[in-house]
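**Q** Quick one, entry-v9.cif (mmCIF, C-alpha atoms):
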data_my_file
#
loop_
_atom_site.label_atom_id
_atom_site.label_comp_id
_atom_site.auth_asym_id
_atom_site.auth_seq_id
_atom_site.Cartn_x
_atom_site.Cartn_y
_atom_site.Cartn_z
CA MET X 2 63.99 31.41 122.35
CA ASN X 3 61.82 32.27 125.39
CA VAL X 4 61.73 36.02 125.97
CA VAL X 5 60.56 38.37 128.72
CA ILE X 6 60.11 42.07 127.95
CA LEU X 7 60.43 44.60 130.79
CA GLY X 8 58.59 47.71 129.62
CA THR X 9 55.56 47.75 127.34
CA GLY X 10 55.60 51.27 125.89
CA MET X 11 56.42 52.23 122.30
CA ILE X 12 59.92 50.77 122.34
CA GLY X 13 58.69 47.62 124.10
CA GLU X 14 56.32 47.07 121.18
CA VAL X 15 59.25 47.45 118.78
CA HIS X 16 61.26 44.86 120.72
CA ARG X 17 58.29 42.50 120.79
CA ARG X 18 57.81 42.69 117.04
CA ALA X 19 61.49 42.09 116.33
CA ALA X 20 61.60 39.16 118.77
CA LEU X 21 58.60 37.52 117.11
CA MET X 22 60.13 38.12 113.67
CA ALA X 23 63.22 36.26 114.90
CA GLY X 24 61.10 33.30 115.99
CA ALA X 25 60.99 33.97 119.73
CA ARG X 26 58.14 33.24 122.11
CA ILE X 27 57.13 36.04 124.50
CA ILE X 28 56.59 34.35 127.86
CA GLY X 29 56.31 37.39 130.12
CA ALA X 30 56.02 41.16 130.30
CA MET X 31 56.38 43.86 132.96
CA ALA X 32 54.78 47.30 132.79
CA SER X 33 54.91 50.51 134.81
CA THR X 34 51.47 50.15 136.44
CA PRO X 35 49.13 47.24 137.20
CA ARG X 36 46.59 48.55 134.69
CA ARG X 37 49.13 48.82 131.90
CA LEU X 38 50.50 45.40 132.82
CA GLU X 39 47.12 43.69 132.54
CA GLU X 40 46.41 45.46 129.23
CA ALA X 41 49.79 44.53 127.75
CA ALA X 42 49.65 40.91 128.97
CA SER X 43 46.20 40.53 127.44
CA ARG X 44 47.16 42.25 124.17
CA TRP X 45 50.39 40.27 123.83
CA GLY X 46 48.91 36.98 125.07
CA THR X 47 51.61 36.49 127.68
CA GLU X 48 52.15 36.18 131.42
CA PRO X 49 52.21 39.35 133.55
CA VAL X 50 55.47 39.78 135.48
CA ARG X 51 54.71 41.73 138.65
CA SER X 52 58.17 41.71 140.22
CA LEU X 53 61.76 41.02 139.24
CA ASP X 54 61.75 38.09 141.69
CA GLU X 55 59.50 36.23 139.21
CA LEU X 56 62.15 36.18 136.47
CA ALA X 57 64.05 33.18 137.81
CA GLY X 58 60.88 31.08 137.85
CA LEU X 59 60.12 31.93 134.24
CA ALA X 60 63.69 30.93 133.19
CA PRO X 61 63.82 33.17 130.09
CA ASP X 62 66.54 32.72 127.50
CA VAL X 63 66.60 36.47 126.83
CA VAL X 64 65.29 39.50 128.72
CA HIS X 65 64.64 42.71 126.78
CA VAL X 66 65.00 45.75 129.07
CA CYS X 67 62.78 48.56 127.72
CA SER X 68 62.07 50.39 130.97
CA PRO X 69 62.98 54.00 131.94
CA ASN X 70 66.71 54.68 132.11
CA SER X 71 66.89 54.84 135.90
CA LEU X 72 65.62 51.24 136.14
CA HIS X 73 68.02 49.70 133.63
CA ALA X 74 70.71 48.67 136.11
CA ASP X 75 68.31 46.82 138.44
CA HIS X 76 66.55 45.16 135.51
CA VAL X 77 69.78 44.05 133.82
CA GLU X 78 71.16 42.62 137.05
CA ALA X 79 67.92 40.74 137.74
CA ALA X 80 67.90 39.32 134.21
CA ILE X 81 71.48 38.08 134.45
CA ASP X 82 70.84 36.65 137.92
CA ALA X 83 67.93 34.73 136.36
CA GLY X 84 70.40 33.19 133.90
CA ALA X 85 69.25 35.17 130.86
CA HIS X 86 71.07 36.91 128.06
CA VAL X 87 70.10 40.60 127.84
CA ILE X 88 69.15 43.23 125.31
CA CYS X 89 69.03 46.60 127.12
CA GLU X 90 67.79 49.83 125.63
CA LYS X 91 70.22 52.73 125.57
CA PRO X 92 71.50 54.38 127.56
CA LEU X 93 72.68 51.16 129.18
CA ALA X 94 72.43 52.94 132.54
CA VAL X 95 72.69 56.41 134.04
CA GLY X 96 76.40 57.05 134.62
CA SER X 97 79.51 55.31 133.37
CA ASP X 98 80.32 53.90 136.81
CA VAL X 99 77.15 51.81 136.56
CA THR X 100 77.67 50.81 132.91
CA GLU X 101 81.20 49.66 133.75
CA ARG X 102 79.75 47.36 136.41
CA LEU X 103 77.03 45.97 134.15
CA THR X 104 79.52 45.31 131.36
CA ARG X 105 81.81 43.38 133.70
CA LEU X 106 78.85 41.45 135.13
CA ALA X 107 77.72 40.25 131.69
CA GLU X 108 81.29 39.29 130.76
CA ASP X 109 81.88 37.45 134.03
CA ARG X 110 78.63 35.48 133.67
CA GLY X 111 79.31 34.68 130.00
CA LYS X 112 76.13 36.34 128.78
CA VAL X 113 75.46 37.85 125.37
CA ALA X 114 74.51 41.42 126.25
CA THR X 115 73.65 43.96 123.56
CA VAL X 116 72.43 47.54 123.19
CA PRO X 117 70.21 48.54 120.22
CA PHE X 118 72.35 51.02 118.34
CA VAL X 119 70.29 49.83 115.41
CA TYR X 120 71.28 52.43 112.82
CA ARG X 121 74.37 50.27 112.30
CA PHE X 122 72.03 47.86 110.53
CA HIS X 123 71.06 50.05 107.57
CA PRO X 124 72.50 48.26 104.51
CA LEU X 125 73.96 51.49 103.10
CA VAL X 126 75.64 52.29 106.43
CA ARG X 127 77.40 48.93 106.10
CA GLU X 128 78.25 49.76 102.48
CA ILE X 129 79.93 53.02 103.50
CA ARG X 130 81.76 51.23 106.32
CA ALA X 131 83.02 48.55 103.93
CA ARG X 132 84.38 51.27 101.62
CA VAL X 133 86.07 52.94 104.59
CA THR X 134 87.71 49.63 105.49
CA ALA X 135 88.84 49.25 101.85
CA GLY X 136 90.62 52.63 102.11
CA GLU X 137 88.50 54.56 99.61
CA PHE X 138 88.20 57.67 101.80
CA GLY X 139 91.79 58.15 102.94
CA ARG X 140 92.63 60.21 106.00
CA TRP X 141 89.60 61.85 107.61
CA GLN X 142 89.36 65.63 107.26
CA LEU X 143 86.06 66.42 109.03
CA LEU X 144 83.26 64.44 110.68
CA HIS X 145 79.96 66.26 111.10
CA GLY X 146 76.21 65.84 111.25
CA SER X 147 73.04 66.13 113.29
CA TYR X 148 70.14 64.22 114.78
CA LEU X 149 66.94 66.28 114.84
CA GLN X 150 63.42 65.52 116.09
CA ASP X 151 60.36 67.63 116.94
CA TRP X 152 58.33 65.43 119.27
CA LEU X 153 58.91 67.78 122.24
CA LEU X 154 58.42 71.02 120.34
CA SER X 155 55.07 71.80 121.99
CA PRO X 156 55.12 73.09 125.59
CA GLU X 157 52.28 70.62 126.20
CA ALA X 158 54.39 67.61 125.15
CA THR X 159 56.09 65.62 127.87
CA SER X 160 57.56 62.24 128.74
CA TRP X 161 59.29 60.48 131.62
CA ARG X 162 62.52 61.27 129.73
CA VAL X 163 62.09 64.98 130.58
CA ASP X 164 62.65 64.30 134.29
CA SER X 165 66.32 63.76 135.17
CA ALA X 166 65.31 61.49 138.07
CA ALA X 167 63.95 58.96 135.56
CA GLY X 168 66.04 59.66 132.47
CA GLY X 169 69.35 60.95 133.80
CA PRO X 170 71.06 64.37 133.62
CA SER X 171 71.08 64.42 129.80
CA ARG X 172 68.01 63.86 127.66
CA ALA X 173 68.45 64.88 124.00
CA PHE X 174 72.13 64.00 123.78
CA ALA X 175 71.91 60.78 125.80
CA ASP X 176 68.79 59.70 123.93
CA ILE X 177 69.69 60.47 120.31
CA GLY X 178 73.16 62.04 120.28
CA SER X 179 74.42 58.71 121.59
CA HIS X 180 73.12 57.04 118.41
CA TRP X 181 74.96 59.54 116.20
CA CYS X 182 78.25 59.15 118.06
CA ASP X 183 78.03 55.37 117.99
CA LEU X 184 77.34 55.42 114.25
CA MET X 185 80.21 57.83 113.57
CA GLU X 186 82.71 55.69 115.48
CA PHE X 187 81.36 52.47 113.94
CA VAL X 188 81.61 53.71 110.35
CA THR X 189 84.83 55.75 110.49
CA GLY X 190 86.86 53.80 113.04
CA GLU X 191 87.61 57.08 114.86
CA ARG X 192 87.12 57.45 118.63
CA ILE X 193 86.03 60.66 120.32
CA ALA X 194 88.76 61.90 122.67
CA THR X 195 87.63 65.36 123.86
CA VAL X 196 84.38 67.33 123.70
CA LEU X 197 83.24 70.93 124.00
CA ALA X 198 79.49 71.01 124.55
CA ALA X 199 76.66 73.49 125.00
CA MET X 200 73.08 72.61 125.92
CA THR X 201 69.85 74.57 125.89
CA THR X 202 66.38 74.07 127.36
CA THR X 203 63.95 75.99 125.18
CA VAL X 204 60.77 74.85 126.93
CA PRO X 205 61.33 75.66 130.62
CA GLU X 206 58.19 73.95 131.99
CA ARG X 207 56.21 70.90 130.95
CA PRO X 208 53.14 69.09 132.33
CA VAL X 209 53.71 66.22 134.74
CA GLY X 210 50.45 64.54 135.67
CA SER X 211 48.04 67.26 136.84
CA SER X 212 50.78 69.83 137.53
CA VAL X 213 53.42 71.76 135.61
CA ARG X 214 57.07 71.23 136.51
CA ALA X 215 60.35 72.92 135.66
CA VAL X 216 62.39 71.02 133.06
CA ASP X 217 65.92 70.06 134.16
CA THR X 218 67.12 68.32 130.97
CA GLU X 219 68.19 69.76 127.62
CA ASP X 220 66.00 70.15 124.52
CA ALA X 221 69.02 70.59 122.23
CA ALA X 222 72.81 70.41 122.28
CA THR X 223 75.78 71.13 120.08
CA VAL X 224 79.05 69.28 120.56
CA LEU X 225 82.46 69.93 119.05
CA PHE X 226 84.85 67.01 119.37
CA THR X 227 88.31 65.83 118.47
CA THR X 228 89.19 62.20 117.92
CA ARG X 229 92.17 60.29 119.24
CA SER X 230 93.92 60.73 115.89
CA GLY X 231 93.24 64.48 115.86
CA VAL X 232 90.24 64.72 113.50
CA LEU X 233 87.80 67.57 114.19
CA GLY X 234 84.06 66.95 114.28
CA SER X 235 80.71 68.30 115.39
CA VAL X 236 77.16 67.12 115.99
CA THR X 237 73.93 68.99 116.77
CA VAL X 238 71.00 67.21 118.41
CA SER X 239 67.51 68.49 119.04
CA GLN X 240 64.08 67.30 120.08
CA VAL X 241 62.47 70.66 119.26
CA SER X 242 63.25 71.12 115.53
CA ALA X 243 59.93 71.63 113.74
CA GLY X 244 59.25 69.19 110.93
CA ARG X 245 62.20 66.93 111.72
CA LYS X 246 60.73 63.62 112.82
CA ASN X 247 63.82 61.44 113.11
CA ARG X 248 66.55 62.96 110.96
CA LEU X 249 69.87 61.32 111.77
CA TRP X 250 72.24 62.77 109.16
CA PHE X 251 76.00 62.51 108.78
CA GLU X 252 78.70 63.64 106.40
CA PHE X 253 82.15 62.13 106.74
CA ASP X 254 84.77 63.93 104.65
CA GLY X 255 87.94 62.05 103.77
CA GLN X 256 91.13 62.86 101.92
CA HIS X 257 89.78 61.27 98.72
CA ARG X 258 86.02 60.92 99.16
CA SER X 259 83.07 62.02 101.29
CA ALA X 260 79.90 60.17 102.24
CA VAL X 261 76.46 61.38 103.33
CA PHE X 262 73.68 59.32 104.89
CA ASP X 263 70.21 60.50 105.97
CA GLN X 264 68.21 58.05 108.09
CA GLU X 265 64.92 59.57 106.90
CA ASN X 266 65.92 58.64 103.33
CA PRO X 267 67.70 55.34 103.95
CA GLU X 268 67.41 53.86 100.45
CA THR X 269 70.19 56.09 99.09
CA ALA X 270 73.51 57.55 100.22
CA TRP X 271 75.70 60.24 98.62
CA HIS X 272 79.29 59.49 97.68
CA GLY X 273 81.49 62.31 96.40
CA SER X 274 85.03 63.06 95.22
CA GLN X 275 86.65 66.21 93.86
CA ALA X 276 85.93 64.99 90.34
CA SER X 277 82.43 63.55 90.72
CA ALA X 278 79.45 62.80 92.92
CA GLU X 279 77.06 59.88 92.83
CA VAL X 280 73.99 58.61 94.60
CA LEU X 281 74.31 55.04 95.85
CA ALA X 282 71.03 53.11 95.89
CA ARG X 283 70.43 50.15 98.16
CA GLY X 284 70.84 46.95 96.19
CA ALA X 285 71.79 48.76 92.98
CA VAL X 286 75.55 49.13 93.52
CA PRO X 287 78.37 46.59 93.62
CA ALA X 288 77.46 45.72 97.18
CA SER X 289 79.52 44.57 100.16
CA ALA X 290 78.65 41.28 101.85
CA GLU X 291 77.03 43.01 104.84
CA HIS X 292 75.06 45.32 102.53
CA ARG X 293 73.64 42.24 100.80
CA ARG X 294 73.00 40.33 104.04
CA LEU X 295 71.06 43.14 105.68
CA SER X 296 68.97 43.95 102.58
CA THR X 297 65.97 41.89 103.62
CA LEU X 298 63.61 43.52 101.10
CA PRO X 299 64.15 43.94 97.34
CA PRO X 300 65.26 47.37 96.06
CA GLY X 301 62.29 49.67 95.59
CA HIS X 302 60.62 48.32 98.74
CA PRO X 303 61.92 50.85 101.30
CA GLN X 304 63.75 49.47 104.32
CA GLY X 305 63.93 51.54 107.47
CA TYR X 306 64.11 51.54 111.25
CA ALA X 307 61.90 48.47 111.73
CA GLN X 308 64.10 46.29 109.52
CA CYS X 309 67.21 47.61 111.28
CA PHE X 310 65.72 46.57 114.60
CA ASP X 311 64.71 43.17 113.23
CA ASN X 312 68.26 42.59 111.98
CA PHE X 313 69.76 43.69 115.30
CA VAL X 314 67.59 41.32 117.34
CA ALA X 315 68.12 38.45 114.88
CA ASP X 316 71.89 38.98 115.09
CA THR X 317 71.77 39.02 118.90
CA TYR X 318 69.85 35.74 118.93
CA GLY X 319 72.26 34.33 116.34
CA VAL X 320 75.24 35.08 118.57
CA ILE X 321 73.42 33.46 121.52
CA HIS X 322 73.16 30.35 119.33
CA GLY X 323 76.93 30.47 118.70
CA GLU X 324 76.89 32.13 115.28
CA LYS X 325 79.25 34.89 114.16
CA ARG X 326 77.81 38.36 113.45
CA ASP X 327 79.74 41.45 112.42
CA GLY X 328 79.11 44.81 114.03
CA LEU X 329 76.80 43.72 116.85
CA PRO X 330 76.65 46.53 119.48
CA THR X 331 77.34 45.07 122.91
CA PHE X 332 77.37 46.32 126.49
CA ALA X 333 80.95 47.45 125.82
CA ASP X 334 79.52 49.87 123.23
CA GLY X 335 76.84 50.98 125.70
CA ASN X 336 79.56 51.58 128.26
CA ARG X 337 81.58 53.56 125.71
CA SER X 338 78.51 55.69 124.99
CA ALA X 339 77.99 56.41 128.70
CA HIS X 340 81.55 57.75 128.96
CA ILE X 341 80.87 60.11 126.03
CA VAL X 342 77.59 61.29 127.61
CA ASP X 343 79.33 61.93 130.94
CA ALA X 344 81.98 64.05 129.19
CA VAL X 345 79.35 66.03 127.27
CA VAL X 346 77.36 66.77 130.45
CA GLU X 347 80.52 67.86 132.26
CA SER X 348 81.66 70.06 129.38
CA ALA X 349 78.26 71.74 129.14
CA ARG X 350 78.41 72.41 132.87
CA THR X 351 81.92 73.91 132.88
CA GLY X 352 82.15 75.37 129.37
CA ARG X 353 85.52 73.65 128.91
CA TRP X 354 87.01 71.03 126.64
CA THR X 355 86.58 67.74 128.52
CA PRO X 356 88.28 64.40 127.88
CA VAL X 357 86.26 61.24 127.37
CA GLN X 358 87.48 58.79 130.00
CA GLU X 359 88.80 55.46 128.81
CA GLU X 360 86.61 52.43 129.43
CA SER X 361 88.11 49.88 131.79
#
What is this structure when it is put down as structure tokens?
**A**
Amino acid sequence: MNVVILGTGMIGEVHRRAALMAGARIIGAMASTPRRLEEAASRWGTEPVRSLDELAGLAPDVVHVCSPNSLHADHVEAAIDAGAHVICEKPLAVGSDVTERLTRLAEDRGKVATVPFVYRFHPLVREIRARVTAGEFGRWQLLHGSYLQDWLLSPEATSWRVDSAAGGPSRAFADIGSHWCDLMEFVTGERIATVLAAMTTTVPERPVGSSVRAVDTEDAATVLFTTRSGVLGSVTVSQVSAGRKNRLWFEFDGQHRSAVFDQENPETAWHGSQASAEVLARGAVPASAEHRRLSTLPPGHPQGYAQCFDNFVADTYGVIHGEKRDGLPTFADGNRSAHIVDAVVESARTGRWTPVQEES
């Protein structure tokens, strides 16, 4: 599998590692500046890609789009025009009108096109999902959780994501709340129908280059939602919660049982009923087939985000080779996420319950 990676920052490095783990060869890379491009090409031992026009000549099998959000649409279109399958970082694009178009383009060209909602690939997430499918939980009563980080807590911290021109009108929710919503819908089978959202910007100014600029994206958000079947839920997201590095946490409460998962402690999950509560350990329970398949390390050797990403990329490549893979997040899921983000932004603006528009 010959791969080009567009974007060589932190997440580009993650994609590169996962691609190599899946047996790919990195044949090209694009970076945000000439200096960064030369450094990355030298470090990765690959060809520098200086313009999207060069993609067709390289003839990659897969292009990984790891660039800022505002560039995703152009990069995805160029990759598909070059005949490649695509893995595009989330959000798939800024605005559901654009994600609709990209989803149709990939379908029309017959390309495998995926979005790394990689928390689906925790073995215990798959275990909980398998138990949901088996009917252990019964009718859902309440769906709630949070996704908390602290990397933008300091007024001196900044990123291209802070600027809406590069990242889009939502930052914290689009960046990490999208992961939580995807995971909730994937595990429970519920679909968010309406949202009531509030957003806050707690650090009003941040450094941009040699100047200081007003921040126009949210540091935190809280969202109430109802699902299509009438279940109530809520999620809180934050990038300014001290001490929380990457805490994606959910509790899904059913008629018969509840389940809790904490991404910062991914080797165990909590499973409760009115009569008892137990801690499920990865590899130490009667495990579902997907739980076993995704457990790439023995119990006691903690698996986390990196292994989730490896499994996601390996599954994407497997589908490109004609194999079957369960639960692979595609552009359709990225499009679904964009519709939820649009509704959250609109609700926060108006202060009203807002419907999530159906994907076409």
**Q** Using the chain letters and numbering of this document, enumerate as a list in words the residues selected by the PyMOL selection byres ((chain X and resi 293) around 12).
**A**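 Applied to this file, the PyMOL selection byres ((chain X and resi 293) around 12) selects Phe122, His123, Pro124, Leu125, Val126, Arg127, Glu128, Ala131, Arg283, Gly284, Ala285, Val286, Pro287, Ala288, Ser289, Ala290, Glu291, His292, Arg294, Leu295, Ser296, Thr297, Leu298, Pro299 and Pro300 of chain X.
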**Q** Determine the nearest neighbour of X:Pro356 from the options X:Leu53, X:Leu154, X:Val196, X:Pro267, counting all atoms listed in the file.
**A**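 Closest to X:Pro356, using all atoms listed in the file: X:Val196.
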**Q** Please list, as JSON, numbers by chain, the residues that have an atom at most 9 Å away from (75.6, 65.6, 134.8) in the coordinates of this file, counting all atoms listed in the file.
**A** {"X": [96, 169, 170, 171, 342, 343, 344, 345, 346, 347, 349, 350]}
**Q** In the coordinates of the file, take the point (76.8, 58.3, 112.0) and a cut-off of 10 Å; then, counting only C-alpha atoms, name each qualifying protein, DNA or RNA residue as a PDB file with C-alpha atoms, in the coordinates of the input.
**A**
ATOM      1  CA  TYR X 120      71.280  52.430 112.820  1.00  0.00           C
ATOM      2  CA  ARG X 121      74.370  50.270 112.300  1.00  0.00           C
ATOM      3  CA  VAL X 126      75.640  52.290 106.430  1.00  0.00           C
ATOM      4  CA  LEU X 144      83.260  64.440 110.680  1.00  0.00           C
ATOM      5  CA  HIS X 145      79.960  66.260 111.100  1.00  0.00           C
ATOM      6  CA  GLY X 146      76.210  65.840 111.250  1.00  0.00           C
ATOM      7  CA  SER X 147      73.040  66.130 113.290  1.00  0.00           C
ATOM      8  CA  TYR X 148      70.140  64.220 114.780  1.00  0.00           C
ATOM      9  CA  GLY X 178      73.160  62.040 120.280  1.00  0.00           C
ATOM     10  CA  SER X 179      74.420  58.710 121.590  1.00  0.00           C
ATOM     11  CA  HIS X 180      73.120  57.040 118.410  1.00  0.00           C
ATOM     12  CA  TRP X 181      74.960  59.540 116.200  1.00  0.00           C
ATOM     13  CA  CYS X 182      78.250  59.150 118.060  1.00  0.00           C
ATOM     14  CA  ASP X 183      78.030  55.370 117.990  1.00  0.00           C
ATOM     15  CA  LEU X 184      77.340  55.420 114.250  1.00  0.00           C
ATOM     16  CA  MET X 185      80.210  57.830 113.570  1.00  0.00           C
ATOM     17  CA  GLU X 186      82.710  55.690 115.480  1.00  0.00           C
ATOM     18  CA  PHE X 187      81.360  52.470 113.940  1.00  0.00           C
ATOM     19  CA  VAL X 188      81.610  53.710 110.350  1.00  0.00           C
ATOM     20  CA  THR X 189      84.830  55.750 110.490  1.00  0.00           C
ATOM     21  CA  VAL X 236      77.160  67.120 115.990  1.00  0.00           C
ATOM     22  CA  LEU X 249      69.870  61.320 111.770  1.00  0.00           C
ATOM     23  CA  TRP X 250      72.240  62.770 109.160  1.00  0.00           C
ATOM     24  CA  PHE X 251      76.000  62.510 108.780  1.00  0.00           C
ATOM     25  CA  GLU X 252      78.700  63.640 106.400  1.00  0.00           C
ATOM     26  CA  PHE X 253      82.150  62.130 106.740  1.00  0.00           C
ATOM     27  CA  VAL X 261      76.460  61.380 103.330  1.00  0.00           C
ATOM     28  CA  PHE X 262      73.680  59.320 104.890  1.00  0.00           C
ATOM     29  CA  ASP X 263      70.210  60.500 105.970  1.00  0.00           C
ATOM     30  CA  GLN X 264      68.210  58.050 108.090  1.00  0.00           C
TER      31      GLN X 264
END
**Q** Just to confirm, what's the straight-line distance from atom CA of X:Gly13 to atom CA of X:Arg37 in Å (one decimal)?
**A**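 Computing the Euclidean distance for atom CA of X:Gly13 and atom CA of X:Arg37 yields 12.4 Å.
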**Q** Please write as a PyMOL selection string the full residue list that the PyMOL selection byres ((chain X and resi 14) around 12) yields on this file.
**A** chain X and resi 6-13+15-21+27+30+32+41-42+44-45+65-68+307+310
**Q** Specify as a list in words each residue included when the PyMOL selection byres ((chain X and resi 141) around 9) is applied to this file.
**A**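 So the PyMOL selection byres ((chain X and resi 141) around 9), applied here, picks out Phe138, Gly139, Arg140, Gln142, Leu143, Leu144, Thr189, Glu191, Val232, Leu233, Phe253, Asp254, Gly255, Gln256 and His257 of chain X.
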**Q** Filtering to C-alpha atoms, could you give me those residues as a PDB file, in the coordinates of the input?
**A**
ATOM      1  CA  PHE X 138      88.200  57.670 101.800  1.00  0.00           C
ATOM      2  CA  GLY X 139      91.790  58.150 102.940  1.00  0.00           C
ATOM      3  CA  ARG X 140      92.630  60.210 106.000  1.00  0.00           C
ATOM      4  CA  GLN X 142      89.360  65.630 107.260  1.00  0.00           C
ATOM      5  CA  LEU X 143      86.060  66.420 109.030  1.00  0.00           C
ATOM      6  CA  LEU X 144      83.260  64.440 110.680  1.00  0.00           C
ATOM      7  CA  THR X 189      84.830  55.750 110.490  1.00  0.00           C
ATOM      8  CA  GLU X 191      87.610  57.080 114.860  1.00  0.00           C
ATOM      9  CA  VAL X 232      90.240  64.720 113.500  1.00  0.00           C
ATOM     10  CA  LEU X 233      87.800  67.570 114.190  1.00  0.00           C
ATOM     11  CA  PHE X 253      82.150  62.130 106.740  1.00  0.00           C
ATOM     12  CA  ASP X 254      84.770  63.930 104.650  1.00  0.00           C
ATOM     13  CA  GLY X 255      87.940  62.050 103.770  1.00  0.00           C
ATOM     14  CA  GLN X 256      91.130  62.860 101.920  1.00  0.00           C
ATOM     15  CA  HIS X 257      89.780  61.270  98.720  1.00  0.00           C
TER      16      HIS X 257
END
**Q** Quick one: everything within 12 Å of X:Thr317, counting only C-alpha atoms, minus sequence neighbours fewer than 4 positions away in the same chain. Send it as a PyMOL selection string.
**A** chain X and resi 2+19-20+23+25+62-65+86-89+112-117+119+310-313+321-332
**Q** Give me, please, the distance in Å between atom CA of X:Val77 and atom CA of X:Val216, quoted to one decimal.
**A**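 According to the coordinates, atom CA of X:Val77 and atom CA of X:Val216 are separated by 28.0 Å.
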**Q** Just give me the gap between atom CA of X:Ala222 and atom CA of X:Arg337 in Å, one decimal is fine.
**A**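 Calculated distance between atom CA of X:Ala222 and atom CA of X:Arg337 is 19.3 Å.
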**Q** Please provide as a ChimeraX atom specification all residues within 9 Å of X:Val209, with the sequence filter that same-chain residues fewer than 4 positions apart are discarded (counting only C-alpha atoms).
**A** /X:159-161,213-214
